[in-house]
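model.tsv (TSV, C-alpha atoms)
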```tsv
chain	number	residue	atom	x	y	z
F	14	MET	CA	-2.00	37.73	83.31
F	15	ALA	CA	1.09	38.05	81.19
F	16	ILE	CA	2.32	35.02	79.32
F	17	TYR	CA	6.01	34.57	78.67
F	18	PHE	CA	7.78	31.97	76.59
F	19	LEU	CA	11.36	31.47	75.65
F	20	LYS	CA	12.72	33.06	72.46
F	21	GLY	CA	14.69	29.95	71.57
F	22	ASP	CA	11.55	27.79	71.68
F	23	GLN	CA	9.74	30.20	69.34
F	24	GLN	CA	12.54	30.03	66.81
F	25	LEU	CA	12.66	26.25	67.08
F	26	GLY	CA	8.90	25.97	66.52
F	27	ASP	CA	8.95	28.37	63.56
F	28	GLN	CA	11.68	26.39	61.83
F	29	HIS	CA	10.12	22.98	62.35
F	30	LEU	CA	7.17	23.22	59.86
F	31	PRO	CA	9.08	24.64	56.86
F	32	GLU	CA	11.55	21.77	57.10
F	33	LYS	CA	8.70	19.23	56.65
F	34	LYS	CA	7.35	21.12	53.63
F	35	SER	CA	10.73	21.35	51.96
F	36	VAL	CA	11.31	17.63	52.44
F	37	ALA	CA	7.94	16.82	50.78
F	38	VAL	CA	8.66	19.12	47.85
F	39	SER	CA	12.13	17.68	47.38
F	40	GLU	CA	10.69	14.14	47.27
F	41	GLU	CA	7.91	15.05	44.77
F	42	LYS	CA	9.98	17.11	42.35
F	43	PRO	CA	12.10	14.24	40.88
F	44	TRP	CA	8.95	12.28	40.04
F	45	GLN	CA	7.41	15.30	38.34
F	46	VAL	CA	10.55	15.74	36.24
F	47	ALA	CA	10.62	12.02	35.41
F	48	ARG	CA	6.96	12.08	34.40
F	49	ALA	CA	7.51	15.09	32.13
F	50	CYS	CA	10.57	13.48	30.51
F	51	VAL	CA	8.74	10.20	29.89
F	52	LEU	CA	5.74	12.06	28.43
F	53	ILE	CA	7.90	14.05	25.99
F	54	ALA	CA	9.92	10.99	25.03
F	55	GLY	CA	6.70	9.01	24.55
F	56	MET	CA	5.22	11.62	22.22
F	57	LEU	CA	8.39	11.68	20.13
F	58	ALA	CA	8.45	7.87	20.06
F	59	ILE	CA	4.85	7.72	18.78
F	60	VAL	CA	5.64	10.20	15.99
F	61	LEU	CA	8.79	8.27	15.04
F	62	ALA	CA	6.98	4.93	15.10
F	63	THR	CA	4.19	6.30	12.90
F	64	THR	CA	6.76	7.63	10.42
F	65	ILE	CA	8.50	4.26	10.24
F	66	GLU	CA	5.14	2.54	9.80
F	67	ALA	CA	4.13	4.93	7.00
F	68	THR	CA	7.35	4.44	5.03
F	69	GLY	CA	6.93	0.66	5.10
F	70	PHE	CA	10.60	-0.19	5.69
F	71	LEU	CA	9.66	-2.79	8.33
F	72	ARG	CA	6.88	-4.24	6.20
F	73	PRO	CA	8.80	-7.43	5.25
F	74	TRP	CA	8.90	-8.41	8.93
F	75	GLU	CA	5.39	-7.21	9.72
F	76	SER	CA	3.93	-9.22	6.83
F	77	HIS	CA	4.66	-12.40	8.80
F	78	LEU	CA	2.36	-11.29	11.63
F	79	PRO	CA	-0.80	-13.03	10.31
F	80	ASN	CA	0.94	-16.40	10.13
F	81	LEU	CA	2.39	-15.98	13.62
F	82	ILE	CA	-1.03	-15.54	15.22
F	83	GLY	CA	-2.77	-18.12	13.07
F	84	ILE	CA	-4.64	-15.86	10.63
F	85	PRO	CA	-4.52	-17.09	7.02
F	86	SER	CA	-3.06	-14.66	4.51
F	87	PRO	CA	-5.61	-12.91	2.29
F	88	VAL	CA	-6.34	-14.56	-1.01
F	89	GLN	CA	-4.55	-12.65	-3.75
F	90	ASP	CA	-6.04	-12.18	-7.17
F	91	GLN	CA	-4.60	-14.81	-9.47
F	92	THR	CA	-2.77	-13.78	-12.64
F	93	VAL	CA	-3.48	-15.72	-15.85
F	94	PHE	CA	-1.70	-15.25	-19.17
F	95	LEU	CA	-3.93	-15.70	-22.22
F	96	SER	CA	-1.51	-16.22	-25.09
F	97	LEU	CA	-2.52	-15.18	-28.59
F	98	GLY	CA	-0.98	-17.87	-30.74
F	99	ASN	CA	-1.52	-16.05	-34.02
F	100	GLY	CA	-0.23	-12.63	-34.96
F	101	THR	CA	3.15	-10.96	-34.62
F	102	GLU	CA	4.90	-8.82	-32.06
F	103	GLU	CA	3.63	-5.63	-33.72
F	104	GLY	CA	0.01	-6.67	-33.62
F	105	SER	CA	-2.46	-9.51	-33.33
F	106	ASP	CA	-5.38	-10.57	-35.43
F	107	SER	CA	-8.30	-8.35	-34.45
F	108	MET	CA	-10.85	-11.16	-34.93
F	109	ASP	CA	-9.00	-13.41	-32.46
F	110	VAL	CA	-8.85	-10.53	-29.99
F	111	ALA	CA	-12.59	-9.91	-30.39
F	112	LEU	CA	-13.42	-13.59	-29.83
F	113	VAL	CA	-11.18	-13.79	-26.77
F	114	LEU	CA	-12.70	-10.64	-25.23
F	115	ARG	CA	-16.19	-11.92	-25.99
F	116	GLY	CA	-15.40	-15.14	-24.11
F	117	LEU	CA	-13.98	-13.22	-21.15
F	118	SER	CA	-17.16	-11.14	-20.99
F	119	MET	CA	-19.05	-14.33	-20.12
F	120	LEU	CA	-16.72	-15.02	-17.21
F	121	HIS	CA	-15.89	-12.87	-14.17
F	122	PRO	CA	-12.28	-11.60	-14.41
F	123	ALA	CA	-11.21	-8.79	-12.11
F	124	LEU	CA	-9.13	-6.97	-14.76
F	125	ILE	CA	-8.18	-7.51	-18.41
F	126	LEU	CA	-4.84	-6.17	-19.63
F	127	LEU	CA	-4.83	-6.11	-23.43
F	128	ALA	CA	-1.09	-6.02	-24.11
F	129	THR	CA	-1.21	-6.09	-27.89
F	130	GLU	CA	-2.30	-3.79	-30.65
F	131	HIS	CA	-5.00	-4.99	-33.02
F	132	PRO	CA	-5.58	-2.81	-36.09
F	133	ALA	CA	-9.09	-3.38	-37.38
F	134	SER	CA	-11.43	-1.89	-39.93
F	135	GLY	CA	-14.97	-2.35	-41.17
F	136	GLU	CA	-17.14	-4.97	-39.53
F	137	THR	CA	-14.26	-6.31	-37.45
F	138	ALA	CA	-13.72	-2.90	-35.86
F	139	GLN	CA	-17.43	-2.63	-35.06
F	140	LEU	CA	-17.45	-6.12	-33.55
F	141	LEU	CA	-14.37	-5.35	-31.47
F	142	GLN	CA	-15.80	-2.08	-30.20
F	143	GLY	CA	-19.10	-3.79	-29.35
F	144	VAL	CA	-17.27	-6.42	-27.29
F	145	LYS	CA	-15.34	-3.70	-25.40
F	146	ASP	CA	-18.58	-1.87	-24.66
F	147	GLN	CA	-20.10	-5.12	-23.42
F	148	LEU	CA	-17.19	-5.63	-21.02
F	149	ARG	CA	-17.59	-2.15	-19.59
F	150	GLU	CA	-21.35	-2.60	-19.21
F	151	LYS	CA	-20.73	-5.72	-17.13
F	152	GLY	CA	-18.28	-3.83	-14.93
F	153	ILE	CA	-15.15	-5.68	-16.13
F	154	PRO	CA	-12.22	-3.22	-16.34
F	155	LEU	CA	-10.27	-3.27	-19.60
F	156	SER	CA	-6.91	-1.53	-20.08
F	157	GLU	CA	-5.29	-1.36	-23.50
F	158	ALA	CA	-1.71	-0.74	-24.60
F	159	PHE	CA	-0.85	1.58	-27.48
F	160	SER	CA	2.30	2.51	-29.35
F	161	PRO	CA	3.67	5.98	-28.56
F	162	SER	CA	2.88	8.76	-31.02
F	163	SER	CA	2.83	12.55	-30.94
F	164	GLU	CA	-0.98	12.57	-31.00
F	165	ARG	CA	-1.35	10.02	-28.22
F	166	LEU	CA	-3.02	11.02	-24.97
F	167	TRP	CA	-1.58	9.20	-21.97
F	168	HIS	CA	-3.22	8.63	-18.62
F	169	PRO	CA	-1.27	10.56	-15.92
F	170	VAL	CA	-0.50	8.80	-12.65
F	171	PRO	CA	-0.38	10.54	-9.22
F	172	VAL	CA	3.27	9.90	-8.42
F	173	CYS	CA	4.92	12.04	-5.74
F	174	ARG	CA	8.42	12.27	-7.14
F	175	TYR	CA	11.22	13.49	-4.86
F	176	LEU	CA	14.67	14.02	-6.34
F	177	LEU	CA	17.82	14.29	-4.26
F	178	PRO	CA	19.48	17.73	-4.01
F	179	GLY	CA	21.74	18.37	-6.99
F	180	SER	CA	20.18	15.63	-9.11
F	181	ALA	CA	18.10	17.91	-11.34
F	182	ASP	CA	20.92	18.38	-13.86
F	183	ARG	CA	21.67	14.71	-14.34
F	184	LYS	CA	20.14	12.53	-17.02
F	185	GLU	CA	16.55	11.66	-16.32
F	186	SER	CA	16.11	8.12	-15.06
F	187	LEU	CA	12.56	7.86	-16.45
F	188	PRO	CA	12.38	6.89	-20.14
F	189	SER	CA	10.86	9.56	-22.35
F	190	VAL	CA	7.73	8.95	-24.37
F	191	VAL	CA	6.15	11.10	-27.06
F	192	GLY	CA	2.66	12.39	-26.54
F	193	SER	CA	1.02	14.32	-23.71
F	194	ALA	CA	-0.72	13.53	-20.44
F	195	PRO	CA	-3.82	15.70	-20.01
F	196	ALA	CA	-6.06	15.68	-16.98
F	197	GLU	CA	-8.24	12.97	-18.50
F	198	GLY	CA	-6.04	10.66	-20.54
F	199	ILE	CA	-7.41	7.56	-22.25
F	200	SER	CA	-4.40	5.50	-23.30
F	201	ARG	CA	-1.49	3.64	-21.80
F	202	VAL	CA	2.14	3.18	-22.74
F	203	LEU	CA	2.73	0.02	-24.76
F	204	ALA	CA	3.58	-2.83	-22.40
F	205	SER	CA	6.62	-4.05	-24.40
F	206	THR	CA	8.46	-0.71	-24.57
F	207	SER	CA	11.26	-1.92	-22.28
F	208	GLN	CA	14.08	-3.81	-23.96
F	209	ASP	CA	15.53	-5.08	-20.68
F	210	PRO	CA	14.00	-8.42	-19.63
F	211	GLU	CA	15.06	-7.81	-16.03
F	212	ILE	CA	12.93	-4.66	-15.66
F	213	LEU	CA	9.15	-4.48	-15.55
F	214	PRO	CA	8.36	-1.11	-17.21
F	215	LEU	CA	6.00	0.99	-15.13
F	216	LEU	CA	6.51	4.72	-15.66
F	217	SER	CA	7.54	7.07	-18.47
F	218	ALA	CA	7.89	10.84	-18.71
F	219	THR	CA	6.54	13.07	-21.46
F	220	ALA	CA	8.39	16.05	-22.92
F	221	SER	CA	6.45	18.42	-20.67
F	222	GLY	CA	7.35	16.48	-17.52
F	223	GLU	CA	4.14	14.53	-16.84
F	224	ILE	CA	4.44	10.92	-15.68
F	225	ALA	CA	2.43	8.31	-17.57
F	226	GLY	CA	1.77	4.77	-16.43
F	227	SER	CA	2.25	1.62	-18.45
F	228	LEU	CA	-0.09	-1.32	-18.79
F	229	TRP	CA	1.81	-3.18	-16.06
F	230	TRP	CA	1.18	-0.23	-13.76
F	231	GLU	CA	-2.53	-0.95	-14.08
F	232	GLY	CA	-1.98	-4.58	-13.09
F	233	LEU	CA	0.29	-3.78	-10.16
F	234	LEU	CA	-2.11	-1.18	-8.75
F	235	LYS	CA	-5.25	-3.08	-9.61
F	236	GLY	CA	-8.25	-1.59	-7.84
F	237	GLN	CA	-6.43	1.61	-6.85
F	238	PRO	CA	-4.81	3.08	-10.00
F	239	ASN	CA	-5.22	6.65	-8.71
F	240	ALA	CA	-3.79	6.02	-5.25
F	241	PRO	CA	-0.74	8.18	-4.40
F	242	VAL	CA	2.66	6.57	-4.90
F	243	TRP	CA	6.03	7.89	-3.75
F	244	LEU	CA	9.09	7.78	-5.98
F	245	LEU	CA	12.15	8.62	-3.84
F	246	GLY	CA	15.27	9.65	-5.72
F	247	ASP	CA	14.11	7.59	-8.72
F	248	HIS	CA	15.49	4.55	-6.91
F	249	LEU	CA	12.77	3.51	-4.46
F	250	LEU	CA	9.08	3.07	-5.23
F	251	LEU	CA	6.64	3.11	-2.30
F	252	LEU	CA	3.26	1.65	-3.27
F	253	PRO	CA	-0.04	2.61	-1.62
F	254	ASN	CA	0.22	-0.52	0.55
F	255	HIS	CA	3.64	0.81	1.67
F	256	ALA	CA	5.65	-1.91	-0.03
F	257	ALA	CA	9.12	-0.65	-1.00
F	258	LEU	CA	10.36	-1.80	-4.43
F	259	PRO	CA	13.74	-1.08	-6.08
F	260	PHE	CA	13.22	1.24	-9.06
F	261	VAL	CA	15.60	1.69	-12.00
F	262	ARG	CA	15.17	3.15	-15.48
F	263	GLY	CA	11.43	3.58	-15.22
F	264	GLY	CA	10.60	0.14	-13.89
F	265	VAL	CA	10.96	-2.37	-11.09
F	266	LEU	CA	13.63	-5.04	-11.02
F	267	VAL	CA	12.18	-8.43	-11.86
F	268	PRO	CA	12.43	-10.82	-8.87
F	269	HIS	CA	14.77	-13.79	-9.24
F	270	ASP	CA	12.19	-16.30	-7.99
F	271	LEU	CA	9.42	-15.71	-10.47
F	272	ALA	CA	5.92	-16.98	-9.84
F	273	ILE	CA	4.81	-19.04	-12.82
F	274	PRO	CA	1.31	-17.87	-13.76
F	275	ARG	CA	-1.24	-20.11	-15.38
F	276	SER	CA	-0.88	-19.85	-19.17
F	277	VAL	CA	-3.68	-20.68	-21.62
F	278	THR	CA	-3.49	-20.40	-25.40
F	279	SER	CA	-6.25	-18.61	-27.27
F	280	ASP	CA	-7.10	-21.78	-29.23
F	281	ASP	CA	-7.66	-23.79	-26.05
F	282	PHE	CA	-9.62	-20.93	-24.52
F	283	LEU	CA	-11.96	-20.59	-27.49
F	284	LEU	CA	-12.43	-24.37	-27.61
F	285	LYS	CA	-13.43	-24.44	-23.93
F	286	MET	CA	-15.79	-21.51	-24.45
F	287	GLU	CA	-17.43	-23.31	-27.36
F	288	GLU	CA	-17.97	-26.40	-25.18
F	289	ARG	CA	-19.31	-24.16	-22.43
F	290	GLU	CA	-21.87	-22.57	-24.75
F	291	ARG	CA	-23.01	-26.05	-25.79
F	292	GLY	CA	-23.85	-26.84	-22.17
F	293	SER	CA	-20.72	-28.74	-21.13
F	294	LEU	CA	-20.03	-27.72	-17.54
F	295	SER	CA	-16.43	-27.24	-16.43
F	296	PRO	CA	-16.21	-25.80	-12.89
F	297	ASP	CA	-12.40	-25.83	-12.94
F	298	PHE	CA	-12.34	-23.76	-16.12
F	299	ASP	CA	-14.84	-21.21	-14.78
F	300	SER	CA	-13.06	-20.85	-11.43
F	301	LEU	CA	-9.76	-20.22	-13.22
F	302	TRP	CA	-11.04	-16.87	-14.53
F	303	ASP	CA	-13.08	-15.82	-11.50
F	304	ARG	CA	-11.65	-12.60	-9.98
F	305	THR	CA	-8.47	-13.01	-12.03
F	306	ILE	CA	-6.11	-10.53	-13.65
F	307	VAL	CA	-5.96	-11.68	-17.29
F	308	VAL	CA	-3.06	-10.57	-19.48
F	309	VAL	CA	-3.87	-10.96	-23.19
F	310	GLY	CA	-0.85	-10.75	-25.48
F	311	PRO	CA	1.77	-12.55	-27.58
F	312	PRO	CA	3.82	-15.39	-26.06
F	313	SER	CA	6.86	-13.11	-25.65
F	314	LEU	CA	5.10	-11.29	-22.78
F	315	LEU	CA	4.99	-14.35	-20.53
F	316	PRO	CA	8.15	-13.29	-18.56
F	317	MET	CA	6.66	-9.86	-17.90
F	318	THR	CA	3.42	-11.48	-16.77
F	319	SER	CA	5.45	-13.70	-14.43
F	320	ALA	CA	7.14	-10.60	-12.99
F	321	LEU	CA	3.77	-8.95	-12.43
F	322	ALA	CA	2.44	-12.04	-10.65
F	323	SER	CA	5.57	-12.21	-8.47
F	324	LEU	CA	5.35	-8.56	-7.42
F	325	ARG	CA	1.70	-8.94	-6.53
F	326	GLU	CA	2.48	-11.99	-4.40
F	327	MET	CA	5.21	-10.04	-2.60
F	328	THR	CA	2.73	-7.34	-1.53
F	329	PRO	CA	-0.42	-9.23	-0.49
F	330	LEU	CA	-1.44	-7.10	2.49
F	331	GLY	CA	-2.96	-3.67	2.13
F	332	SER	CA	-2.26	-0.75	4.39
F	333	LEU	CA	-4.05	2.27	5.77
F	334	THR	CA	-3.75	5.63	4.08
F	335	LEU	CA	-1.40	8.31	5.37
F	336	ALA	CA	-4.36	10.40	6.53
F	337	THR	CA	-5.72	7.46	8.55
F	338	GLN	CA	-2.33	6.76	10.10
F	339	THR	CA	-1.97	10.43	11.00
F	340	GLY	CA	-5.36	10.29	12.72
F	341	ILE	CA	-4.31	7.18	14.64
F	342	MET	CA	-1.10	8.94	15.72
F	343	MET	CA	-3.08	11.89	17.07
F	344	LEU	CA	-5.49	9.53	18.86
F	345	LEU	CA	-2.62	7.66	20.52
F	346	ALA	CA	-0.98	10.93	21.55
F	347	ILE	CA	-4.24	12.10	23.17
F	348	ILE	CA	-4.61	8.78	25.02
F	349	VAL	CA	-1.05	8.96	26.36
F	350	LEU	CA	-1.53	12.58	27.43
F	351	ALA	CA	-4.75	11.62	29.24
F	352	VAL	CA	-2.97	8.75	31.03
F	353	PHE	CA	-0.42	11.19	32.43
F	354	SER	CA	-3.06	13.81	33.32
F	355	LEU	CA	-5.88	11.80	34.90
F	356	ARG	CA	-5.93	10.15	38.30
F	357	ARG	CA	-4.41	6.74	38.85
F	358	ARG	CA	-7.66	4.76	38.57
F	359	GLU	CA	-8.79	6.44	35.34
F	360	SER	CA	-5.28	6.09	33.90
F	361	LEU	CA	-5.29	2.36	34.63
F	362	LEU	CA	-8.68	1.91	32.93
F	363	LEU	CA	-7.58	3.92	29.91
F	364	THR	CA	-4.41	1.83	29.56
F	365	ALA	CA	-6.45	-1.38	29.74
F	366	ALA	CA	-8.81	-0.01	27.08
F	367	LEU	CA	-5.81	0.80	24.88
F	368	LEU	CA	-4.55	-2.78	25.20
F	369	ILE	CA	-7.90	-4.43	24.51
F	370	GLY	CA	-8.88	-2.01	21.78
F	371	GLY	CA	-5.51	-2.39	20.05
F	372	CYS	CA	-5.80	-6.19	20.00
F	373	VAL	CA	-9.35	-6.04	18.62
F	374	VAL	CA	-8.49	-3.50	15.92
F	375	CYS	CA	-5.35	-5.38	14.86
F	376	TRP	CA	-7.27	-8.66	14.69
F	377	TRP	CA	-10.00	-7.09	12.55
F	378	CYS	CA	-7.49	-5.43	10.20
F	379	LEU	CA	-5.58	-8.66	9.65
F	380	ARG	CA	-8.81	-10.52	8.95
F	381	GLN	CA	-9.62	-7.89	6.31
F	382	GLY	CA	-6.20	-8.20	4.67
F	383	ILE	CA	-4.91	-4.89	6.06
F	384	LEU	CA	-1.63	-4.51	7.88
F	385	PRO	CA	-2.47	-2.44	11.01
F	386	PRO	CA	-0.08	0.13	12.53
F	387	VAL	CA	1.24	-2.25	15.17
F	388	ILE	CA	4.42	-0.36	16.08
F	389	PRO	CA	2.78	2.98	17.10
F	390	TRP	CA	0.14	1.11	19.09
F	391	CYS	CA	2.76	-0.89	21.00
F	392	VAL	CA	4.80	2.24	21.70
F	393	ALA	CA	1.73	4.04	23.07
F	394	LEU	CA	0.92	1.04	25.27
F	395	VAL	CA	4.45	0.93	26.73
F	396	VAL	CA	4.41	4.67	27.43
F	397	SER	CA	0.97	4.42	29.07
F	398	VAL	CA	2.08	1.55	31.31
F	399	THR	CA	5.16	3.58	32.27
F	400	GLY	CA	2.94	6.53	33.13
F	401	VAL	CA	0.73	4.38	35.37
F	402	LEU	CA	3.79	2.97	37.16
F	403	ILE	CA	5.23	6.44	37.72
F	404	LYS	CA	1.91	7.66	39.07
F	405	GLN	CA	1.66	4.62	41.38
F	406	ARG	CA	5.24	5.09	42.59
F	407	SER	CA	4.80	8.77	43.35
F	408	ILE	CA	1.62	8.06	45.37
F	409	ILE	CA	3.34	5.36	47.45
F	410	LEU	CA	6.22	7.66	48.33
```

Output the structure of this file as structure tokens.
Amino acid sequence: MAIYFLKGDQQLGDQHLPEKKSVAVSEEKPWQVARACVLIAGMLAIVLATTIEATGFLRPWESHLPNLIGIPSPVQDQTVFLSLGNGTEEGSDSMDVALVLRGLSMLHPALILLATEHPASGETAQLLQGVKDQLREKGIPLSEAFSPSSERLWHPVPVCRYLLPGSADRKESLPSVVGSAPAEGISRVLASTSQDPEILPLLSATASGEIAGSLWWEGLLKGQPNAPVWLLGDHLLLLPNHAALPFVRGGVLVPHDLAIPRSVTSDDFLLKMEERERGSLSPDFDSLWDRTIVVVGPPSLLPMTSALASLREMTPLGSLTLATQTGIMMLLAIIVLAVFSLRRRESLLLTAALLIGGCVVCWWCLRQGILPPVIPWCVALVVSVTGVLIKQRSIIL
């Protein structure tokens, strides 16, 4: 039996299904484009946020984060100035220096900065060297300052120096110092080389172009003297904790509001140590030197010691290394990519894990005195939430 059907009905039926498919594709395509645009913009935002975090330009605002959430600021190492009453600017009595160092060896300072030269000979030199060896055996770091000379070996510092284009021919902004900086230097630049009381001298350059650190450099970077530091255009110094300091003529500008460090004369110190050896207990005296940066030098170095204490108070929080921050950036980028690639339920769980994990990590870092990379984490969280909303919206439609 032959079956006949109208030609117009066949054409109408053939055209009906493609129209439904084209409508579905036209509704899905804008959401796919929006998702791709948000993903690309999110990746670029994470990279930009990590770069801003690494440079430390927003650090003054981020440093208030612990106080805002009720976490006490980390206890900073106290700076104490031990004034040598006797002696001159060129040098101090070597016997007084030996007695002072011997007393400090019985305490627990974090670092001793010997900012004075002490020519000695004979038995005094042997006594002084024995006291220095005793300090090193007890694990108490001792840094000494020396006058520049052609035979002097300076300790090189790992400074990444970047000069602006066209600035190579201008006069060097770092003060020159005689001597050389081999791979294993043993000496420091004399702490009182700067004649400007408004500048804390930190860096000098040798004739061959190496950069040597001063005694104040040791105090400012206490605990991490070999950490990389950036010197941008010889005008901005970025410390390992990403604090940005103005840099001029080889040093940092002294803050106007100076922190007044505790100052003790050598006579009072030796008197207290004598009473301590006789059995007279003085908890306040012992706690004053516990985990303290001690600057030993003539009274004229008190302003420089105040500047050092002020700069250390301005940069109390540490920061993660550039390698660690790069790893965190890659981890956040992978999480965001997974949020946009997985199904809606897995994406929602991953976003919740990012929120909870970020809060836990930030809390732990602040408790340890480390400023966490808050900005990249927040950017990744916002992008992930946006991805979940886009995925939810596309499913509903």

*Taking all atoms listed in the file into account, which of F:Leu244, F:Leu266, F:Leu120, F:Leu127 comes nearest Leu176 (chain F)?*
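Closest to Leu176 (chain F) of all the choices is F:Leu244.
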
*Return the single residue from F:Ser360, F:Gln381, F:Thr68, F:Ser162 that is closest to Ile403 (chain F), with distances computed using all atoms listed in the file.*
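Smallest separation from Ile403 (chain F) among the options: F:Ser360.
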
*Return the single residue from F:Gln142, F:Ser279, F:Thr399, F:Ser323 that is closest to Val352 (chain F), with distances computed using all atoms listed in the file.*
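Checking each of F:Gln142, F:Ser279, F:Thr399, F:Ser323 against Val352 (chain F), counting all atoms listed in the file, the winner is F:Thr399.
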
*Name all residues at most 9 Å from Leu367 (chain F) (count only C-alpha atoms; drop same-chain ones fewer than 2 positions away) and give them as a list of chain:residue names.*
F:Leu345, F:Ile348, F:Leu362, F:Leu363, F:Thr364, F:Ala365, F:Ile369, F:Gly370, F:Gly371, F:Cys372, F:Trp390, F:Ala393, F:Leu394, F:Ser397

Would you output that residue set with C-alpha atoms, as a short mmCIF file (atom, residue, chain, number, x, y, z; two decimals), keeping the file's coordinate frame?
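That gives us selection-v4.cif:
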```
data_model
loop_
_atom_site.label_atom_id
_atom_site.label_comp_id
_atom_site.auth_asym_id
_atom_site.auth_seq_id
_atom_site.Cartn_x
_atom_site.Cartn_y
_atom_site.Cartn_z
CA LEU F 345 -2.62 7.66 20.52
CA ILE F 348 -4.61 8.78 25.02
CA LEU F 362 -8.68 1.91 32.93
CA LEU F 363 -7.58 3.92 29.91
CA THR F 364 -4.41 1.83 29.56
CA ALA F 365 -6.45 -1.38 29.74
CA ILE F 369 -7.90 -4.43 24.51
CA GLY F 370 -8.88 -2.01 21.78
CA GLY F 371 -5.51 -2.39 20.05
CA CYS F 372 -5.80 -6.19 20.00
CA TRP F 390 0.14 1.11 19.09
CA ALA F 393 1.73 4.04 23.07
CA LEU F 394 0.92 1.04 25.27
CA SER F 397 0.97 4.42 29.07
#
```

_Please report the interatomic distance between CA of Phe94 (chain F) and CA of Gly292 (chain F) in Å with one decimal._
25.2 Å

_Using Å and a single decimal, report how far CA of Pro214 (chain F) sits from CA of Ser227 (chain F)._
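That distance, rounded to one decimal, is 6.8 Å.
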
*Any idea what's packed within 9 Å of region 45-51 of chain F, counting only C-alpha atoms, ignoring anything in its chain fewer than 6 positions away? Could you give it as an NGL selection string?*
:F and (353 or 396 or 399-400 or 403-404 or 407)

Could those selected residues go to a file with C-alpha atoms, as a compact mmCIF listing (two decimals), in the coordinates of the input?
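See again.txt below for the written result:
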```txt
# COMPACT_ATOMS: atom_id res chain seq x y z
CA PHE F 353 -0.42 11.19 32.43
CA VAL F 396 4.41 4.67 27.43
CA THR F 399 5.16 3.58 32.27
CA GLY F 400 2.94 6.53 33.13
CA ILE F 403 5.23 6.44 37.72
CA LYS F 404 1.91 7.66 39.07
CA SER F 407 4.80 8.77 43.35
```

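Take the candidates F:Gly83, F:Pro161, F:Pro171, F:Gly116 and check each one against Asp281 (chain F) using only C-alpha atoms; the shortest distance goes to F:Gly116.
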